[in-house]
Every structure is written in structure tokens, then in C-alpha cells.
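Trainee: mmCIF, C-alpha atoms, file model02.cif:
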```
data_upload
loop_
_atom_site.label_atom_id
_atom_site.label_comp_id
_atom_site.auth_asym_id
_atom_site.auth_seq_id
_atom_site.Cartn_x
_atom_site.Cartn_y
_atom_site.Cartn_z
CA MET T 1 0.00 0.00 0.00
CA THR T 2 1.42 3.36 -1.08
CA ILE T 3 0.43 6.23 1.23
CA SER T 4 0.27 9.60 -0.51
CA LEU T 5 -0.61 13.05 0.76
CA ILE T 6 -1.45 16.07 -1.39
CA THR T 7 -1.82 19.55 0.06
CA GLY T 8 -4.46 21.81 -1.44
CA ALA T 9 -6.18 18.74 -2.84
CA ASN T 10 -9.73 20.05 -2.79
CA LYS T 11 -9.61 21.74 -6.22
CA GLY T 12 -7.60 22.38 -9.37
CA LEU T 13 -4.30 20.61 -9.85
CA GLY T 14 -4.36 19.14 -6.36
CA LEU T 15 -7.73 17.49 -6.88
CA GLU T 16 -6.76 16.12 -10.29
CA THR T 17 -3.40 14.86 -9.01
CA ALA T 18 -5.25 13.07 -6.24
CA ARG T 19 -7.66 11.59 -8.78
CA GLN T 20 -4.83 10.21 -10.91
CA LEU T 21 -2.92 8.79 -7.94
CA VAL T 22 -6.05 7.06 -6.65
CA ALA T 23 -6.41 5.55 -10.12
CA ALA T 24 -2.78 4.39 -9.87
CA GLY T 25 -3.66 2.46 -6.72
CA HIS T 26 -2.39 4.84 -4.05
CA THR T 27 -4.09 5.47 -0.74
CA VAL T 28 -4.45 9.24 -1.06
CA TYR T 29 -5.05 11.83 1.64
CA THR T 30 -6.78 14.84 0.09
CA ALA T 31 -5.44 17.45 2.48
CA ALA T 32 -7.22 20.81 2.67
CA ARG T 33 -7.60 23.67 5.14
CA THR T 34 -11.08 22.80 6.40
CA ALA T 35 -12.97 19.61 7.18
CA ASP T 36 -15.75 20.26 4.65
CA LYS T 37 -13.27 20.81 1.80
CA THR T 38 -11.16 17.73 2.48
CA GLU T 39 -14.18 15.51 3.10
CA ARG T 40 -15.84 16.62 -0.12
CA ALA T 41 -12.71 15.87 -2.14
CA ALA T 42 -12.13 12.53 -0.46
CA LYS T 43 -15.71 11.45 -1.09
CA GLU T 44 -15.52 12.46 -4.75
CA LEU T 45 -12.26 10.60 -5.41
CA GLY T 46 -12.32 7.65 -3.04
CA GLY T 47 -9.51 9.19 -1.00
CA LEU T 48 -9.15 9.90 2.70
CA PRO T 49 -9.78 13.29 4.34
CA LEU T 50 -7.11 15.18 6.27
CA VAL T 51 -7.34 18.72 7.60
CA LEU T 52 -4.03 20.49 6.94
CA ASP T 53 -3.49 24.24 6.68
CA VAL T 54 0.08 24.83 5.47
CA THR T 55 0.15 28.28 7.10
CA ASP T 56 -0.62 26.86 10.56
CA GLU T 57 2.13 24.96 12.43
CA THR T 58 -0.39 23.38 14.80
CA SER T 59 -2.49 22.08 11.90
CA VAL T 60 0.53 20.69 10.05
CA HIS T 61 1.90 18.84 13.07
CA ALA T 62 -1.54 17.50 13.98
CA ALA T 63 -1.79 16.06 10.46
CA ALA T 64 1.66 14.48 10.78
CA ARG T 65 0.71 12.90 14.10
CA TYR T 66 -2.44 11.48 12.53
CA ILE T 67 -0.53 9.87 9.64
CA THR T 68 2.02 8.52 12.14
CA GLU T 69 -0.72 6.91 14.21
CA GLU T 70 -2.60 5.52 11.19
CA HIS T 71 0.32 4.26 9.08
CA GLY T 72 3.68 5.09 10.66
CA VAL T 73 5.02 6.03 7.23
CA LEU T 74 4.43 8.34 4.26
CA ASP T 75 5.52 7.34 0.75
CA VAL T 76 4.58 10.34 -1.40
CA LEU T 77 4.15 13.99 -0.49
CA VAL T 78 2.91 16.49 -3.06
CA ASN T 79 3.32 20.10 -1.90
CA ASN T 80 0.65 21.64 -4.10
CA ALA T 81 -1.08 24.20 -1.88
CA GLY T 82 -0.47 27.71 -3.13
CA ILE T 83 -1.92 31.15 -3.74
CA SER T 84 -1.42 33.63 -6.57
CA GLY T 85 -1.36 36.80 -4.52
CA GLY T 86 -3.92 38.44 -6.78
CA GLY T 87 -3.66 39.83 -10.28
CA PRO T 88 -0.94 41.96 -11.91
CA LYS T 89 0.04 45.03 -9.93
CA PRO T 90 2.61 47.74 -10.71
CA LEU T 91 5.79 46.70 -8.94
CA GLY T 92 6.14 50.19 -7.44
CA GLU T 93 2.88 49.57 -5.60
CA CYS T 94 3.82 46.09 -4.38
CA THR T 95 4.59 46.04 -0.66
CA ALA T 96 6.58 43.74 1.56
CA ALA T 97 3.27 42.59 3.05
CA ASP T 98 2.07 41.56 -0.43
CA VAL T 99 5.16 39.41 -0.91
CA ALA T 100 5.14 38.02 2.63
CA ALA T 101 1.54 36.81 2.31
CA VAL T 102 2.40 34.72 -0.75
CA LEU T 103 5.69 33.44 0.66
CA ASP T 104 3.91 32.31 3.82
CA THR T 105 1.83 29.84 1.82
CA ASN T 106 3.92 29.03 -1.24
CA LEU T 107 7.36 28.80 0.39
CA LEU T 108 7.09 28.63 4.17
CA GLY T 109 4.13 26.28 3.82
CA VAL T 110 6.41 23.81 2.04
CA VAL T 111 9.02 24.15 4.79
CA ARG T 112 6.42 23.56 7.51
CA VAL T 113 5.08 20.45 5.80
CA LEU T 114 8.51 19.01 5.04
CA HIS T 115 9.70 19.64 8.59
CA ALA T 116 6.74 17.69 9.94
CA PHE T 117 6.66 14.84 7.42
CA LEU T 118 10.32 14.16 6.57
CA PRO T 119 10.68 11.59 9.38
CA LEU T 120 7.76 9.62 7.91
CA LEU T 121 9.12 9.91 4.36
CA GLU T 122 12.49 8.58 5.51
CA LEU T 123 10.76 5.46 6.83
CA SER T 124 9.45 4.69 3.35
CA GLY T 125 11.50 2.48 1.08
CA SER T 126 11.07 5.01 -1.71
CA GLY T 127 10.05 8.33 -0.18
CA THR T 128 9.10 10.89 -2.82
CA VAL T 129 8.43 14.62 -2.59
CA VAL T 130 6.96 16.70 -5.41
CA ASN T 131 7.03 20.46 -4.96
CA VAL T 132 4.71 22.16 -7.43
CA GLY T 133 6.62 25.03 -9.04
CA SER T 134 6.11 27.24 -12.08
CA GLY T 135 7.83 28.31 -15.25
CA LEU T 136 7.36 31.85 -13.95
CA GLY T 137 9.97 30.99 -11.33
CA SER T 138 12.51 29.85 -13.93
CA PHE T 139 15.34 32.33 -14.53
CA ALA T 140 16.11 30.74 -17.91
CA ARG T 141 12.53 31.01 -19.15
CA VAL T 142 11.95 34.55 -17.95
CA HIS T 143 15.11 35.64 -19.81
CA ASP T 144 14.17 33.76 -22.99
CA GLY T 145 12.30 36.11 -25.33
CA GLU T 146 10.78 33.12 -27.13
CA ARG T 147 9.07 31.90 -23.97
CA PRO T 148 5.68 33.22 -22.81
CA GLU T 149 7.07 33.56 -19.26
CA SER T 150 9.28 36.42 -20.49
CA ARG T 151 6.22 38.40 -21.55
CA VAL T 152 4.24 38.25 -18.29
CA PRO T 153 4.37 41.75 -16.73
CA ASN T 154 3.89 43.15 -13.25
CA LEU T 155 4.18 40.02 -11.17
CA LEU T 156 6.37 39.92 -8.09
CA PRO T 157 5.13 37.74 -5.19
CA TYR T 158 4.17 34.61 -7.13
CA PRO T 159 7.27 34.26 -9.37
CA VAL T 160 9.55 35.07 -6.44
CA SER T 161 7.88 32.39 -4.32
CA LYS T 162 8.23 29.76 -7.04
CA ALA T 163 11.87 30.63 -7.74
CA ALA T 164 12.51 30.17 -4.02
CA VAL T 165 10.73 26.78 -4.07
CA SER T 166 13.20 25.63 -6.72
CA MET T 167 16.22 26.40 -4.53
CA LEU T 168 14.45 24.93 -1.53
CA THR T 169 13.98 21.72 -3.53
CA VAL T 170 17.67 21.52 -4.43
CA GLN T 171 18.76 22.02 -0.82
CA TYR T 172 16.42 19.36 0.56
CA ALA T 173 17.42 16.93 -2.21
CA ARG T 174 21.08 17.37 -1.28
CA ALA T 175 20.35 16.88 2.41
CA TYR T 176 18.17 13.79 1.88
CA PRO T 177 19.76 11.79 -0.96
CA ARG T 178 17.74 8.64 -0.19
CA LEU T 179 14.52 10.50 -1.05
CA ARG T 180 13.36 11.67 -4.48
CA ILE T 181 12.70 15.41 -4.09
CA ASN T 182 11.87 17.37 -7.24
CA VAL T 183 10.09 20.52 -8.33
CA VAL T 184 7.56 20.27 -11.17
CA ASP T 185 6.21 22.96 -13.48
CA PRO T 186 2.72 21.81 -14.48
CA GLY T 187 2.59 24.36 -17.30
CA PRO T 188 -0.05 27.01 -18.08
CA THR T 189 -3.09 25.23 -16.69
CA ALA T 190 -6.65 26.59 -16.60
CA THR T 191 -7.52 26.64 -12.88
CA ASP T 192 -8.95 29.24 -10.54
CA LEU T 193 -5.35 30.10 -9.53
CA SER T 194 -4.70 31.29 -13.10
CA ARG T 195 -8.22 32.71 -13.45
CA PHE T 196 -8.76 29.91 -15.97
CA GLN T 197 -6.41 31.60 -18.45
CA GLY T 198 -4.09 28.63 -19.03
CA SER T 199 -3.91 26.77 -22.34
CA GLN T 200 -3.80 23.31 -20.73
CA THR T 201 -6.55 21.26 -19.12
CA VAL T 202 -6.21 20.31 -15.49
CA GLU T 203 -5.62 16.71 -16.59
CA GLN T 204 -2.66 17.83 -18.69
CA GLY T 205 -1.27 19.99 -15.90
CA ALA T 206 -1.47 17.21 -13.34
CA ALA T 207 0.26 14.65 -15.57
CA PRO T 208 3.89 15.73 -14.89
CA ILE T 209 3.14 16.04 -11.18
CA VAL T 210 1.85 12.48 -11.15
CA ARG T 211 4.86 11.21 -13.13
CA ALA T 212 7.18 12.74 -10.54
CA ALA T 213 5.10 11.25 -7.73
CA LEU T 214 5.46 7.79 -9.28
CA LEU T 215 9.26 7.93 -9.58
CA GLY T 216 11.11 4.92 -8.27
CA PRO T 217 14.27 4.97 -6.12
CA ASP T 218 16.43 5.22 -9.25
CA GLY T 219 14.61 8.32 -10.51
CA PRO T 220 16.09 11.83 -10.55
CA THR T 221 16.24 14.03 -7.49
CA GLY T 222 16.92 17.73 -7.12
CA ALA T 223 15.58 18.30 -10.64
CA PHE T 224 13.22 20.82 -12.25
CA LEU T 225 10.74 18.83 -14.32
CA ASP T 226 7.85 19.67 -16.63
CA GLY T 227 5.66 17.93 -19.18
CA ALA T 228 8.59 17.46 -21.56
CA GLY T 229 11.07 16.17 -18.99
CA VAL T 230 13.92 18.13 -17.42
CA SER T 231 13.29 21.88 -17.54
CA PRO T 232 15.78 24.78 -17.45
CA TRP T 233 16.23 26.46 -14.10
#
```
Before we go any further, please render this structure as C-alpha cells.

Mentor:
Amino acid sequence: MTISLITGANKGLGLETARQLVAAGHTVYTAARTADKTERAAKELGGLPLVLDVTDETSVHAAARYITEEHGVLDVLVNNAGISGGGPKPLGECTAADVAAVLDTNLLGVVRVLHAFLPLLELSGSGTVVNVGSGLGSFARVHDGERPESRVPNLLPYPVSKAAVSMLTVQYARAYPRLRINVVDPGPTATDLSRFQGSQTVEQGAAPIVRAALLGPDGPTGAFLDGAGVSPW
């Protein structure tokens, strides 16, 4: 039995990733901030509910204790929960509070969850972590005039948070070489996070996340992956 946990699994990419992992035979916890959200997702997919708010240390550690008591191990962790920080805004009007609000969920949320669940992942024979990133956090893509990421204006908190998640992924992968820890760009997916502006379906966006979640012990670690394979940092 493969035990998987997905944060922000009540909608969008998280919900679809959970759906595909359930179909792959995993026992999936559809983690969400409130009981009604996680229970609704679990019922829809045939998963298991778990209340987990990545911005709340108490909530995160309570979730880790629950998984410890129920299974004593975690095989797959997908750090999907995230916020956009709102629409485009002139950078001169962007405040430290604007950036901090997004970092608290998108970056520090990942740190909180990893801190709580790494001991359980290490007990798995093939512990795997997928951090959901973005091409908007790729230095190479933003500097490439042929890429759409280079033409997205007036965004500060979200790209900064996703660039930081990439470095966070590398550091954890170096510190935990027995685990597979990667960051995945799902691509421009039509979800409420993108105001349904993406060119991909949610099924397409979830596919590279699921592939990374299914990596075996010989798979890559500390890599930036997307739908085509290894992506430029």
C-alpha cells in the first residue's frame, strides 16, 4: 500500500493529481484547510480526508501525528497548496506585506510540511516529494524572449515564491539523498489560480506532477521537471 498526501487537494491541480494517484492504486489523503473541503474531495475521489493548513504549524503537526498513528510512514508527499497573490500590480505599488503573504503559503508552507513529514518519508523504502513550481519561477525562461514567461508583466510575489521553491527543492534533495525530491512545473493550466487563463486542461497539468510522484528509487532528485522532462532552471 502506497500512502500519498497532497496539500491543497480540494480543487484544481491538487484534486486532479489526487484523482490520478487514486487511479494508480495509491491510498491518497486529500489534504485541505477545512474539514468540509477535504471531506468533499475525499468522497468524490475515493480518497481519505485530512485537515491540513500549510500556514498553521499546529495544523501541520496534527496532520503528521495522525498519519504517524494511522500508518507510521508516508511514501509520497505532493506540496501543491499555493496562492497567486492576486492579479498583476505595478511593482512600485507592491509592498513587503504583499510578498510576505504569498511566501507564507507558497514557500514557508512547504518548509512547515517538510519539517513535519520528513521523518515519515524517511521510513518509506522510496520516499518521494513533489514540490509544485512554475515556469514563472525559472530564470532561464523569464530571460528567454521566445518563452511566454518572459512576456508576463507586473508580477512579483508569485514568481519570487516559485523561484525560491526551486532552490528549496535543491537544498532538501542534497540533504536527503535517499529520497526523491523534485520541483515540477505543471505548465499554463486553466484553474482558478490562473483565473482559468491557461492553455492546458487540469488533466494535462497534473500529468507531470503524477509522473514525478510515481518515480522509483532510481529516478532523478533535485531536478526541475515539466511535461517534456527536465526543464531549465

Trainee: If I take atom CA of Leu21 of chain T and atom CA of Gly85 of chain T, how far is one from the other in Å, to one decimal?

Mentor: 28.3 Å

Trainee: Find, counting only C-alpha atoms, the residue in T:Gly82, T:Gly219, T:Pro208, T:Leu123 that gets nearest to Val165 of chain T.

Mentor: T:Gly82

Trainee: Using the chain letters and residue numbers of this document, give as a ChimeraX atom specification the residues selected by the PyMOL selection byres ((chain T and resi 105) around 8).

Mentor: /T:54-55,81-83,101-104,106-110

Trainee: Taking (7.3, 8.1, 5.8) in the file's coordinates, which residues come within 9 Å, counting all atoms listed in the file, written as JSON, numbers by chain?

Mentor: {"T": [3, 67, 68, 71, 72, 73, 74, 75, 76, 117, 118, 119, 120, 121, 122, 123, 124, 125, 126, 127]}

Trainee: Next, dump the selected residues to file, keeping only C-alpha atoms, as an mmCIF file, in the frame of the given file.

Mentor:
```cif
data_model
loop_
_atom_site.group_PDB
_atom_site.id
_atom_site.type_symbol
_atom_site.label_atom_id
_atom_site.label_comp_id
_atom_site.auth_asym_id
_atom_site.auth_seq_id
_atom_site.Cartn_x
_atom_site.Cartn_y
_atom_site.Cartn_z
ATOM 1 C CA ILE T 3 0.430 6.230 1.230
ATOM 2 C CA ILE T 67 -0.530 9.870 9.640
ATOM 3 C CA THR T 68 2.020 8.520 12.140
ATOM 4 C CA HIS T 71 0.320 4.260 9.080
ATOM 5 C CA GLY T 72 3.680 5.090 10.660
ATOM 6 C CA VAL T 73 5.020 6.030 7.230
ATOM 7 C CA LEU T 74 4.430 8.340 4.260
ATOM 8 C CA ASP T 75 5.520 7.340 0.750
ATOM 9 C CA VAL T 76 4.580 10.340 -1.400
ATOM 10 C CA PHE T 117 6.660 14.840 7.420
ATOM 11 C CA LEU T 118 10.320 14.160 6.570
ATOM 12 C CA PRO T 119 10.680 11.590 9.380
ATOM 13 C CA LEU T 120 7.760 9.620 7.910
ATOM 14 C CA LEU T 121 9.120 9.910 4.360
ATOM 15 C CA GLU T 122 12.490 8.580 5.510
ATOM 16 C CA LEU T 123 10.760 5.460 6.830
ATOM 17 C CA SER T 124 9.450 4.690 3.350
ATOM 18 C CA GLY T 125 11.500 2.480 1.080
ATOM 19 C CA SER T 126 11.070 5.010 -1.710
ATOM 20 C CA GLY T 127 10.050 8.330 -0.180
#
```

Trainee: What does the distance between atom CA of Leu45 of chain T and atom CA of Arg19 of chain T come to in Å, to one decimal place?

Mentor: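 These two atoms are separated by 5.8 Å.
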
Trainee: Within 12 Å of Thr7 of chain T, counting all atoms listed in the file, which residues qualify if same-chain residues fewer than 4 places away don't, as an MDAnalysis selection string?

Mentor: chainID T and resid 11:18 28:34 37:38 41 49:55 60 63 76:82 105:106 109:110 112:114 129:132

Trainee: Calculated over only C-alpha atoms, which of the candidates T:Gly47, T:Pro232, T:Gly135, T:Pro220 has the smallest distance to Gln20 of chain T?

Mentor: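 Looking only at the distances to Gln20 of chain T, the closest residue turns out to be T:Gly47.
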
Trainee: Go ahead and compute the interatomic distance for atom CA of Glu149 of chain T and atom CA of Ala97 of chain T, in Å to one decimal.

Mentor: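 The value is 24.4 Å.
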
Trainee: List the neighbours of Val99 of chain T out to 8 Å using only C-alpha atoms; skip same-chain residues closer than 6 positions along the sequence, and give me the result as a ChimeraX atom specification.

Mentor: /T:85,156-158

Trainee: Given the PyMOL selection byres ((chain T and resi 172-184) around 6) and the file above, list the residues it selects as a count of residues only.

Mentor: 17

Trainee: List the spatial neighbours of Ser138 of chain T as a compact mmCIF listing (two decimals) with C-alpha atoms, in the frame of the given file - criterion: any atom at most 8 Å away, all atoms listed in the file, same-chain residues fewer than 2 positions off excluded.

Mentor:
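Output file out.txt follows:
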```txt
# COMPACT_ATOMS: atom_id res chain seq x y z
CA SER T 134 6.11 27.24 -12.08
CA GLY T 135 7.83 28.31 -15.25
CA LEU T 136 7.36 31.85 -13.95
CA ALA T 140 16.11 30.74 -17.91
CA ARG T 141 12.53 31.01 -19.15
CA VAL T 142 11.95 34.55 -17.95
CA ALA T 163 11.87 30.63 -7.74
CA PRO T 232 15.78 24.78 -17.45
CA TRP T 233 16.23 26.46 -14.10
```

Trainee: Between T:Ala42, T:Asp218, T:Gly187, T:Thr2, single out the one closest to Thr27 of chain T, counting only C-alpha atoms.

Mentor: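 Comparing T:Ala42, T:Asp218, T:Gly187, T:Thr2 against Thr27 of chain T, the winner is T:Thr2.
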
Trainee: Just checking: using all atoms listed in the file, which residue out of T:Asn10, T:Ser150, T:Thr58, T:Thr95 ends up closest to Ala35 of chain T?

Mentor: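 For Ala35 of chain T, the nearest of the given residues is T:Asn10.
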
Trainee: Please complete segment 3-14 of chain T with all heavy atoms and give it back as a PDB file, in the coordinates of the input.

Mentor:
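What ended up in selection_19.pdb:
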```pdb
ATOM      1  N   ILE T   3       1.130   5.139   0.544  1.00  0.00           N
ATOM      2  CA  ILE T   3       0.430   6.230   1.230  1.00  0.00           C
ATOM      3  C   ILE T   3       0.892   7.550   0.651  1.00  0.00           C
ATOM      4  O   ILE T   3       2.082   7.883   0.695  1.00  0.00           O
ATOM      5  CB  ILE T   3       0.689   6.200   2.747  1.00  0.00           C
ATOM      6  CG1 ILE T   3       0.409   4.800   3.321  1.00  0.00           C
ATOM      7  CG2 ILE T   3      -0.143   7.269   3.438  1.00  0.00           C
ATOM      8  CD1 ILE T   3      -1.003   4.334   3.128  1.00  0.00           C
ATOM      9  N   SER T   4      -0.049   8.312   0.104  1.00  0.00           N
ATOM     10  CA  SER T   4       0.270   9.600  -0.510  1.00  0.00           C
ATOM     11  C   SER T   4      -0.544  10.714   0.130  1.00  0.00           C
ATOM     12  O   SER T   4      -1.690  10.504   0.533  1.00  0.00           O
ATOM     13  CB  SER T   4      -0.025   9.562  -2.015  1.00  0.00           C
ATOM     14  OG  SER T   4       0.791   8.617  -2.663  1.00  0.00           O
ATOM     15  N   LEU T   5       0.050  11.886   0.198  1.00  0.00           N
ATOM     16  CA  LEU T   5      -0.610  13.050   0.760  1.00  0.00           C
ATOM     17  C   LEU T   5      -0.420  14.228  -0.187  1.00  0.00           C
ATOM     18  O   LEU T   5       0.705  14.488  -0.633  1.00  0.00           O
ATOM     19  CB  LEU T   5      -0.024  13.377   2.133  1.00  0.00           C
ATOM     20  CG  LEU T   5      -0.693  14.463   2.977  1.00  0.00           C
ATOM     21  CD1 LEU T   5      -0.321  14.265   4.443  1.00  0.00           C
ATOM     22  CD2 LEU T   5      -0.297  15.867   2.552  1.00  0.00           C
ATOM     23  N   ILE T   6      -1.503  14.907  -0.491  1.00  0.00           N
ATOM     24  CA  ILE T   6      -1.450  16.070  -1.390  1.00  0.00           C
ATOM     25  C   ILE T   6      -2.045  17.256  -0.664  1.00  0.00           C
ATOM     26  O   ILE T   6      -3.188  17.210  -0.203  1.00  0.00           O
ATOM     27  CB  ILE T   6      -2.241  15.803  -2.686  1.00  0.00           C
ATOM     28  CG1 ILE T   6      -1.722  14.548  -3.384  1.00  0.00           C
ATOM     29  CG2 ILE T   6      -2.169  17.006  -3.624  1.00  0.00           C
ATOM     30  CD1 ILE T   6      -2.615  14.035  -4.482  1.00  0.00           C
ATOM     31  N   THR T   7      -1.285  18.337  -0.561  1.00  0.00           N
ATOM     32  CA  THR T   7      -1.820  19.550   0.060  1.00  0.00           C
ATOM     33  C   THR T   7      -2.611  20.342  -0.981  1.00  0.00           C
ATOM     34  O   THR T   7      -2.334  20.284  -2.174  1.00  0.00           O
ATOM     35  CB  THR T   7      -0.698  20.422   0.636  1.00  0.00           C
ATOM     36  OG1 THR T   7       0.140  20.916  -0.416  1.00  0.00           O
ATOM     37  CG2 THR T   7       0.146  19.640   1.634  1.00  0.00           C
ATOM     38  N   GLY T   8      -3.613  21.059  -0.512  1.00  0.00           N
ATOM     39  CA  GLY T   8      -4.460  21.810  -1.440  1.00  0.00           C
ATOM     40  C   GLY T   8      -5.159  20.913  -2.428  1.00  0.00           C
ATOM     41  O   GLY T   8      -5.292  21.243  -3.609  1.00  0.00           O
ATOM     42  N   ALA T   9      -5.640  19.761  -1.946  1.00  0.00           N
ATOM     43  CA  ALA T   9      -6.180  18.740  -2.840  1.00  0.00           C
ATOM     44  C   ALA T   9      -7.669  18.853  -3.075  1.00  0.00           C
ATOM     45  O   ALA T   9      -8.270  17.949  -3.664  1.00  0.00           O
ATOM     46  CB  ALA T   9      -5.858  17.346  -2.286  1.00  0.00           C
ATOM     47  N   ASN T  10      -8.275  19.939  -2.658  1.00  0.00           N
ATOM     48  CA  ASN T  10      -9.730  20.050  -2.790  1.00  0.00           C
ATOM     49  C   ASN T  10     -10.170  20.652  -4.115  1.00  0.00           C
ATOM     50  O   ASN T  10     -11.365  20.677  -4.421  1.00  0.00           O
ATOM     51  CB  ASN T  10     -10.288  20.895  -1.647  1.00  0.00           C
ATOM     52  CG  ASN T  10      -9.704  22.291  -1.600  1.00  0.00           C
ATOM     53  OD1 ASN T  10      -8.498  22.434  -1.379  1.00  0.00           O
ATOM     54  ND2 ASN T  10     -10.522  23.314  -1.786  1.00  0.00           N
ATOM     55  N   LYS T  11      -9.234  21.139  -4.932  1.00  0.00           N
ATOM     56  CA  LYS T  11      -9.610  21.740  -6.220  1.00  0.00           C
ATOM     57  C   LYS T  11      -8.403  21.780  -7.144  1.00  0.00           C
ATOM     58  O   LYS T  11      -7.270  21.528  -6.743  1.00  0.00           O
ATOM     59  CB  LYS T  11     -10.153  23.154  -6.012  1.00  0.00           C
ATOM     60  CG  LYS T  11      -9.149  24.103  -5.384  1.00  0.00           C
ATOM     61  CD  LYS T  11      -9.747  25.496  -5.179  1.00  0.00           C
ATOM     62  CE  LYS T  11      -8.745  26.442  -4.531  1.00  0.00           C
ATOM     63  NZ  LYS T  11      -9.316  27.815  -4.370  1.00  0.00           N
ATOM     64  N   GLY T  12      -8.665  22.122  -8.400  1.00  0.00           N
ATOM     65  CA  GLY T  12      -7.600  22.380  -9.370  1.00  0.00           C
ATOM     66  C   GLY T  12      -6.620  21.244  -9.547  1.00  0.00           C
ATOM     67  O   GLY T  12      -6.994  20.071  -9.602  1.00  0.00           O
ATOM     68  N   LEU T  13      -5.340  21.606  -9.627  1.00  0.00           N
ATOM     69  CA  LEU T  13      -4.300  20.610  -9.850  1.00  0.00           C
ATOM     70  C   LEU T  13      -4.199  19.612  -8.711  1.00  0.00           C
ATOM     71  O   LEU T  13      -3.917  18.435  -8.941  1.00  0.00           O
ATOM     72  CB  LEU T  13      -2.950  21.307 -10.042  1.00  0.00           C
ATOM     73  CG  LEU T  13      -2.746  22.000 -11.384  1.00  0.00           C
ATOM     74  CD1 LEU T  13      -1.509  22.893 -11.340  1.00  0.00           C
ATOM     75  CD2 LEU T  13      -2.603  20.971 -12.506  1.00  0.00           C
ATOM     76  N   GLY T  14      -4.424  20.062  -7.489  1.00  0.00           N
ATOM     77  CA  GLY T  14      -4.360  19.140  -6.360  1.00  0.00           C
ATOM     78  C   GLY T  14      -5.415  18.063  -6.437  1.00  0.00           C
ATOM     79  O   GLY T  14      -5.132  16.881  -6.213  1.00  0.00           O
TER      80      GLY T  14
END
```
